>>> print(open('query_26.txt').read())   # compact mmCIF, C-alpha atoms
# COMPACT_ATOMS: atom_id res chain seq x y z
CA MET A 3 -4.92 32.37 -35.96
CA THR A 4 -5.35 35.97 -34.91
CA TRP A 5 -2.65 36.89 -32.45
CA PRO A 6 -4.21 37.87 -29.11
CA ILE A 7 -2.54 41.26 -28.81
CA ILE A 8 -3.78 44.81 -29.18
CA GLY A 9 -1.93 47.74 -30.70
CA HIS A 10 0.93 45.94 -32.41
CA ASP A 11 -0.69 45.27 -35.79
CA TRP A 12 2.29 46.42 -37.85
CA ALA A 13 4.77 44.33 -35.83
CA VAL A 14 2.52 41.26 -35.93
CA THR A 15 2.16 41.60 -39.70
CA GLN A 16 5.94 41.81 -40.14
CA LEU A 17 6.57 38.82 -37.89
CA ARG A 18 3.90 36.70 -39.56
CA GLN A 19 5.28 37.52 -43.01
CA SER A 20 8.84 36.64 -42.02
CA LEU A 21 7.62 33.31 -40.63
CA ALA A 22 5.47 32.57 -43.69
CA HIS A 23 8.39 33.27 -46.03
CA GLY A 24 10.87 31.31 -43.93
CA ARG A 25 12.94 34.43 -43.26
CA VAL A 26 13.33 34.36 -39.51
CA ALA A 27 16.13 36.64 -38.34
CA HIS A 28 18.49 35.70 -35.54
CA ALA A 29 17.48 38.71 -33.43
CA TYR A 30 14.54 41.08 -33.02
CA LEU A 31 14.31 44.34 -31.10
CA PHE A 32 10.95 45.21 -29.59
CA CYS A 33 11.14 48.75 -28.27
CA GLY A 34 8.67 51.25 -26.93
CA LEU A 35 7.24 52.75 -23.79
CA PRO A 36 7.01 50.65 -20.62
CA GLN A 37 3.98 48.39 -20.20
CA ILE A 38 2.80 48.42 -23.83
CA GLY A 39 3.11 44.69 -24.43
CA LYS A 40 6.64 44.17 -25.73
CA THR A 41 7.23 41.07 -23.59
CA HIS A 42 3.79 39.72 -24.47
CA LEU A 43 4.59 40.15 -28.16
CA ALA A 44 7.96 38.46 -27.66
CA ARG A 45 6.26 35.48 -25.99
CA LEU A 46 3.75 35.24 -28.85
CA TRP A 47 6.66 35.32 -31.29
CA ALA A 48 8.33 32.49 -29.35
CA GLN A 49 5.07 30.55 -29.57
CA ALA A 50 4.89 31.16 -33.31
CA LEU A 51 8.48 29.96 -33.77
CA LEU A 52 7.97 26.77 -31.74
CA CYS A 53 4.32 25.90 -32.43
CA PRO A 54 3.97 22.74 -34.58
CA GLN A 55 0.54 23.76 -35.95
CA PRO A 56 0.12 25.05 -39.53
CA ASP A 57 -1.02 28.56 -38.49
CA PRO A 58 1.09 29.37 -35.45
CA PRO A 59 0.74 30.28 -32.69
CA CYS A 60 -2.28 28.13 -31.96
CA GLY A 61 -2.23 28.82 -28.23
CA GLN A 62 -3.57 25.30 -27.60
CA CYS A 63 -0.71 22.88 -28.24
CA LEU A 64 1.65 21.73 -25.51
CA SER A 65 4.44 23.98 -26.79
CA CYS A 66 2.27 27.12 -26.74
CA GLN A 67 0.93 26.27 -23.30
CA LYS A 68 4.41 25.69 -21.89
CA ILE A 69 5.52 29.08 -23.19
CA ASP A 70 2.41 30.68 -21.64
CA HIS A 71 3.30 29.12 -18.29
CA GLY A 72 7.00 29.92 -18.56
CA THR A 73 8.03 26.26 -18.50
CA HIS A 74 9.20 25.61 -22.08
CA PRO A 75 12.82 24.41 -21.93
CA ASP A 76 13.70 26.12 -25.23
CA VAL A 77 12.46 29.57 -24.17
CA GLN A 78 14.32 31.58 -21.57
CA VAL A 79 13.54 35.07 -20.32
CA LEU A 80 16.46 37.11 -19.09
CA GLU A 81 15.43 39.83 -16.63
CA GLY A 82 17.26 42.29 -14.45
CA GLN A 83 18.08 41.20 -10.92
CA GLY A 84 19.26 42.84 -7.75
CA ALA A 85 19.64 46.52 -7.04
CA GLY A 86 18.51 48.63 -9.98
CA ARG A 87 17.03 45.57 -11.72
CA SER A 88 19.77 45.61 -14.35
CA ILE A 89 20.93 42.57 -16.31
CA LYS A 90 24.36 41.53 -15.09
CA ILE A 91 27.32 40.01 -16.93
CA ASP A 92 26.89 36.66 -15.13
CA GLN A 93 23.38 36.38 -16.56
CA VAL A 94 24.69 37.04 -20.08
CA ARG A 95 27.43 34.46 -19.63
CA THR A 96 24.81 31.92 -18.57
CA LEU A 97 22.79 32.80 -21.68
CA GLN A 98 25.89 32.27 -23.83
CA ARG A 99 26.51 28.84 -22.31
CA GLU A 100 22.85 27.90 -22.85
CA ALA A 101 22.77 29.24 -26.41
CA VAL A 102 25.28 26.72 -27.72
CA LEU A 103 23.13 23.82 -26.51
CA LEU A 104 20.75 22.33 -29.04
CA PRO A 105 17.01 22.78 -28.50
CA TYR A 106 15.39 20.26 -26.17
CA GLU A 107 11.91 20.06 -27.72
CA GLY A 108 11.48 22.46 -30.61
CA PRO A 109 13.40 23.44 -33.72
CA ARG A 110 15.13 26.39 -32.04
CA ARG A 111 15.94 28.12 -28.77
CA VAL A 112 14.45 31.53 -28.01
CA PHE A 113 15.93 34.00 -25.55
CA ILE A 114 13.86 37.01 -24.49
CA LEU A 115 15.93 39.80 -22.97
CA ARG A 116 13.59 42.06 -20.99
CA ASP A 117 14.59 45.69 -20.51
CA PHE A 118 18.08 45.11 -21.86
CA ASP A 119 18.52 48.87 -22.08
CA GLN A 120 19.07 48.67 -18.32
CA ALA A 121 21.86 46.09 -18.59
CA THR A 122 25.27 46.89 -17.21
CA VAL A 123 27.91 48.01 -19.71
CA GLU A 124 29.83 44.79 -19.07
CA ALA A 125 26.74 42.69 -19.81
CA ALA A 126 26.03 44.60 -23.02
CA ASN A 127 29.62 44.22 -24.23
CA SER A 128 29.59 40.53 -23.38
CA LEU A 129 26.43 39.96 -25.42
CA LEU A 130 27.82 41.56 -28.61
CA LYS A 131 29.54 38.43 -29.97
CA THR A 132 26.44 36.29 -29.39
CA LEU A 133 24.21 38.97 -30.88
CA GLU A 134 26.38 39.30 -34.00
CA GLU A 135 27.00 35.59 -34.53
CA PRO A 136 24.46 33.46 -32.66
CA PRO A 137 24.21 29.72 -33.22
CA ALA A 138 21.90 28.87 -36.14
CA HIS A 139 19.23 27.47 -33.82
CA VAL A 140 18.98 30.60 -31.64
CA THR A 141 16.63 33.58 -31.86
CA LEU A 142 17.18 36.53 -29.55
>>> encode(input="query_26.txt", output="structure tokens")
Amino acid sequence: MTWPIIGHDWAVTQLRQSLAHGRVAHAYLFCGLPQIGKTHLARLWAQALLCPQPDPPCGQCLSCQKIDHGTHPDVQVLEGQGAGRSIKIDQVRTLQREAVLLPYEGPRRVFILRDFDQATVEAANSLLKTLEEPPAHVTL
């Protein structure tokens, strides 16, 4: 399937190749200017990782649709909250508790950390251990 995203051809090619060769890393960093589709690409990548179809993401299966609607139990999006919209240490601790749980429906759990560059220093330091040594079933 052609991924429904514009302007990220190189990234899509790299992600598709890693999936096709079974070389999925434990973490990916999507960076760039605001509003260029980083979160959209991350959601498509989550669909590709969890889609049961032979050429993922199909966009039609229950898994892909749940991710589209933000209701897939194995995909969580961590976003800044409160004043300054920064990610706080309590949110990272919740992520760490969730990360050790096995996937509910798919083969892995996917955590999307939106605008993590705006996280507090405490949150960033807390995430280091999980980022360096995540459980085998987790993709950040």
>>> residues_around(input="query_26.txt", residues="Leu46 in chain A", least_positions_apart="3", cutoff="9 Å", atoms="all atoms listed in the file", output="CSV table (one decimal) with C-alpha atoms, keeping the file's coordinate frame")
chain,number,residue,atom,x,y,z
A,5,TRP,CA,-2.6,36.9,-32.4
A,6,PRO,CA,-4.2,37.9,-29.1
A,7,ILE,CA,-2.5,41.3,-28.8
A,41,THR,CA,7.2,41.1,-23.6
A,42,HIS,CA,3.8,39.7,-24.5
A,43,LEU,CA,4.6,40.2,-28.2
A,49,GLN,CA,5.1,30.6,-29.6
A,50,ALA,CA,4.9,31.2,-33.3
A,51,LEU,CA,8.5,30.0,-33.8
A,59,PRO,CA,0.7,30.3,-32.7
A,61,GLY,CA,-2.2,28.8,-28.2
A,66,CYS,CA,2.3,27.1,-26.7
A,69,ILE,CA,5.5,29.1,-23.2
A,70,ASP,CA,2.4,30.7,-21.6
>>> atom_distance(input="query_26.txt", atom1="CA of Cys63 in chain A", atom2="CA of Thr15 in chain A")
22.1 Å
>>> closest_atom_pairs(input="query_26.txt", of="range 11-96 of chain A", to="range 131-137 of chain A", cutoff="12 Å", atoms="all atoms listed in the file", output="JSON lines")
{"residue": "A:Ala27", "atom": "CA", "partner": "A:Pro136", "partner_atom": "CA", "distance": 10.6}
{"residue": "A:His28", "atom": "CA", "partner": "A:Pro136", "partner_atom": "CA", "distance": 7.0}
{"residue": "A:Ala29", "atom": "CA", "partner": "A:Leu133", "partner_atom": "CA", "distance": 7.2}
{"residue": "A:Tyr30", "atom": "CA", "partner": "A:Leu133", "partner_atom": "CA", "distance": 10.1}
{"residue": "A:Leu31", "atom": "CA", "partner": "A:Leu133", "partner_atom": "CA", "distance": 11.3}
{"residue": "A:Val94", "atom": "CA", "partner": "A:Thr132", "partner_atom": "CA", "distance": 9.5}
{"residue": "A:Arg95", "atom": "CA", "partner": "A:Thr132", "partner_atom": "CA", "distance": 10.0}
{"residue": "A:Thr96", "atom": "CA", "partner": "A:Thr132", "partner_atom": "CA", "distance": 11.8}
>>> atom_distance(input="query_26.txt", atom1="CA of Arg99 in chain A", atom2="CA of Cys53 in chain A")
24.6 Å
>>> residues_near_point(input="query_26.txt", point="(10.0, 40.5, -25.1)", cutoff="8 Å", atoms="all atoms listed in the file", output="PyMOL selection string")
chain A and resi 32+40-45+114-116
>>> atom_distance(input="query_26.txt", atom1="CA of Cys33 in chain A", atom2="CA of Ala125 in chain A")
18.8 Å
>>> closest_residue(input="query_26.txt", among="A:Ala13, A:Pro109, A:Gln98, A:Thr122", to="Gly86 in chain A", atoms="only C-alpha atoms")
A:Thr122
>>> closest_residue(input="query_26.txt", among="A:Leu21, A:Glu81, A:Thr141, A:Leu103", to="Asp117 in chain A", atoms="all atoms listed in the file")
A:Glu81
>>> closest_residue(input="query_26.txt", among="A:Ile91, A:Leu130, A:Pro75, A:Arg18", to="Phe113 in chain A", atoms="all atoms listed in the file")
A:Pro75
>>> closest_residue(input="query_26.txt", among="A:Asp11, A:Glu100, A:Glu107, A:Asp92", to="Leu64 in chain A", atoms="all atoms listed in the file")
A:Glu107
>>> axis_aligned_box(input="query_26.txt", around="range 22-35 of chain A", padding_each_side="6 Å", output="AutoDock Vina command-line options")
--center_x 12.0 --center_y 42.0 --center_z -34.9 --size_x 25.0 --size_y 33.4 --size_z 34.2
>>> residues_around(input="query_26.txt", residues="Gln120 in chain A", least_positions_apart="5", cutoff="8 Å", atoms="all atoms listed in the file", output="mmCIF file with C-alpha atoms, keeping the file's coordinate frame")
data_model
loop_
_atom_site.group_PDB
_atom_site.id
_atom_site.type_symbol
_atom_site.label_atom_id
_atom_site.label_comp_id
_atom_site.auth_asym_id
_atom_site.auth_seq_id
_atom_site.Cartn_x
_atom_site.Cartn_y
_atom_site.Cartn_z
ATOM 1 C CA GLY A 82 17.260 42.290 -14.450
ATOM 2 C CA ARG A 87 17.030 45.570 -11.720
ATOM 3 C CA SER A 88 19.770 45.610 -14.350
ATOM 4 C CA ILE A 89 20.930 42.570 -16.310
#
>>> decode(input="query_26.txt", residues="range 11-31 of chain A", atoms="N, CA and C atoms", output="tab-separated table (two decimals), in the first residue's frame")
chain	number	residue	atom	x	y	z
A	11	ASP	N	8.96	11.03	1.77
A	11	ASP	CA	9.30	9.86	0.96
A	11	ASP	C	10.51	9.11	1.49
A	12	TRP	N	11.57	9.84	1.83
A	12	TRP	CA	12.78	9.18	2.31
A	12	TRP	C	12.50	8.42	3.60
A	13	ALA	N	11.82	9.05	4.55
A	13	ALA	CA	11.51	8.41	5.83
A	13	ALA	C	10.62	7.19	5.63
A	14	VAL	N	9.61	7.31	4.78
A	14	VAL	CA	8.72	6.18	4.51
A	14	VAL	C	9.49	5.02	3.90
A	15	THR	N	10.38	5.32	2.98
A	15	THR	CA	11.20	4.27	2.36
A	15	THR	C	12.04	3.55	3.41
A	16	GLN	N	12.67	4.30	4.30
A	16	GLN	CA	13.50	3.70	5.35
A	16	GLN	C	12.66	2.83	6.28
A	17	LEU	N	11.51	3.33	6.67
A	17	LEU	CA	10.64	2.57	7.58
A	17	LEU	C	10.13	1.30	6.92
A	18	ARG	N	9.71	1.41	5.67
A	18	ARG	CA	9.22	0.22	4.96
A	18	ARG	C	10.31	-0.83	4.81
A	19	GLN	N	11.53	-0.39	4.51
A	19	GLN	CA	12.64	-1.33	4.36
A	19	GLN	C	12.96	-2.01	5.68
A	20	SER	N	12.96	-1.27	6.77
A	20	SER	CA	13.26	-1.89	8.06
A	20	SER	C	12.19	-2.92	8.43
A	21	LEU	N	10.94	-2.62	8.10
A	21	LEU	CA	9.85	-3.57	8.37
A	21	LEU	C	9.97	-4.80	7.48
A	22	ALA	N	10.26	-4.58	6.20
A	22	ALA	CA	10.37	-5.70	5.25
A	22	ALA	C	11.53	-6.63	5.61
A	23	HIS	N	12.61	-6.07	6.16
A	23	HIS	CA	13.77	-6.88	6.52
A	23	HIS	C	13.73	-7.37	7.96
A	24	GLY	N	12.64	-7.07	8.67
A	24	GLY	CA	12.51	-7.52	10.05
A	24	GLY	C	13.49	-6.84	10.99
A	25	ARG	N	13.90	-5.63	10.66
A	25	ARG	CA	14.87	-4.89	11.47
A	25	ARG	C	14.22	-3.65	12.07
A	26	VAL	N	13.27	-3.89	12.92
A	26	VAL	CA	12.56	-2.78	13.57
A	26	VAL	C	13.34	-2.38	14.82
A	27	ALA	N	13.74	-1.13	14.88
A	27	ALA	CA	14.48	-0.62	16.03
A	27	ALA	C	13.53	-0.41	17.21
A	28	HIS	N	14.12	-0.23	18.38
A	28	HIS	CA	13.28	0.00	19.57
A	28	HIS	C	12.83	1.45	19.70
A	29	ALA	N	13.48	2.35	18.96
A	29	ALA	CA	13.09	3.77	19.05
A	29	ALA	C	13.38	4.47	17.73
A	30	TYR	N	12.55	5.44	17.42
A	30	TYR	CA	12.69	6.26	16.21
A	30	TYR	C	12.51	7.72	16.62
A	31	LEU	N	13.27	8.59	15.96
A	31	LEU	CA	13.16	10.02	16.22
A	31	LEU	C	12.70	10.70	14.94
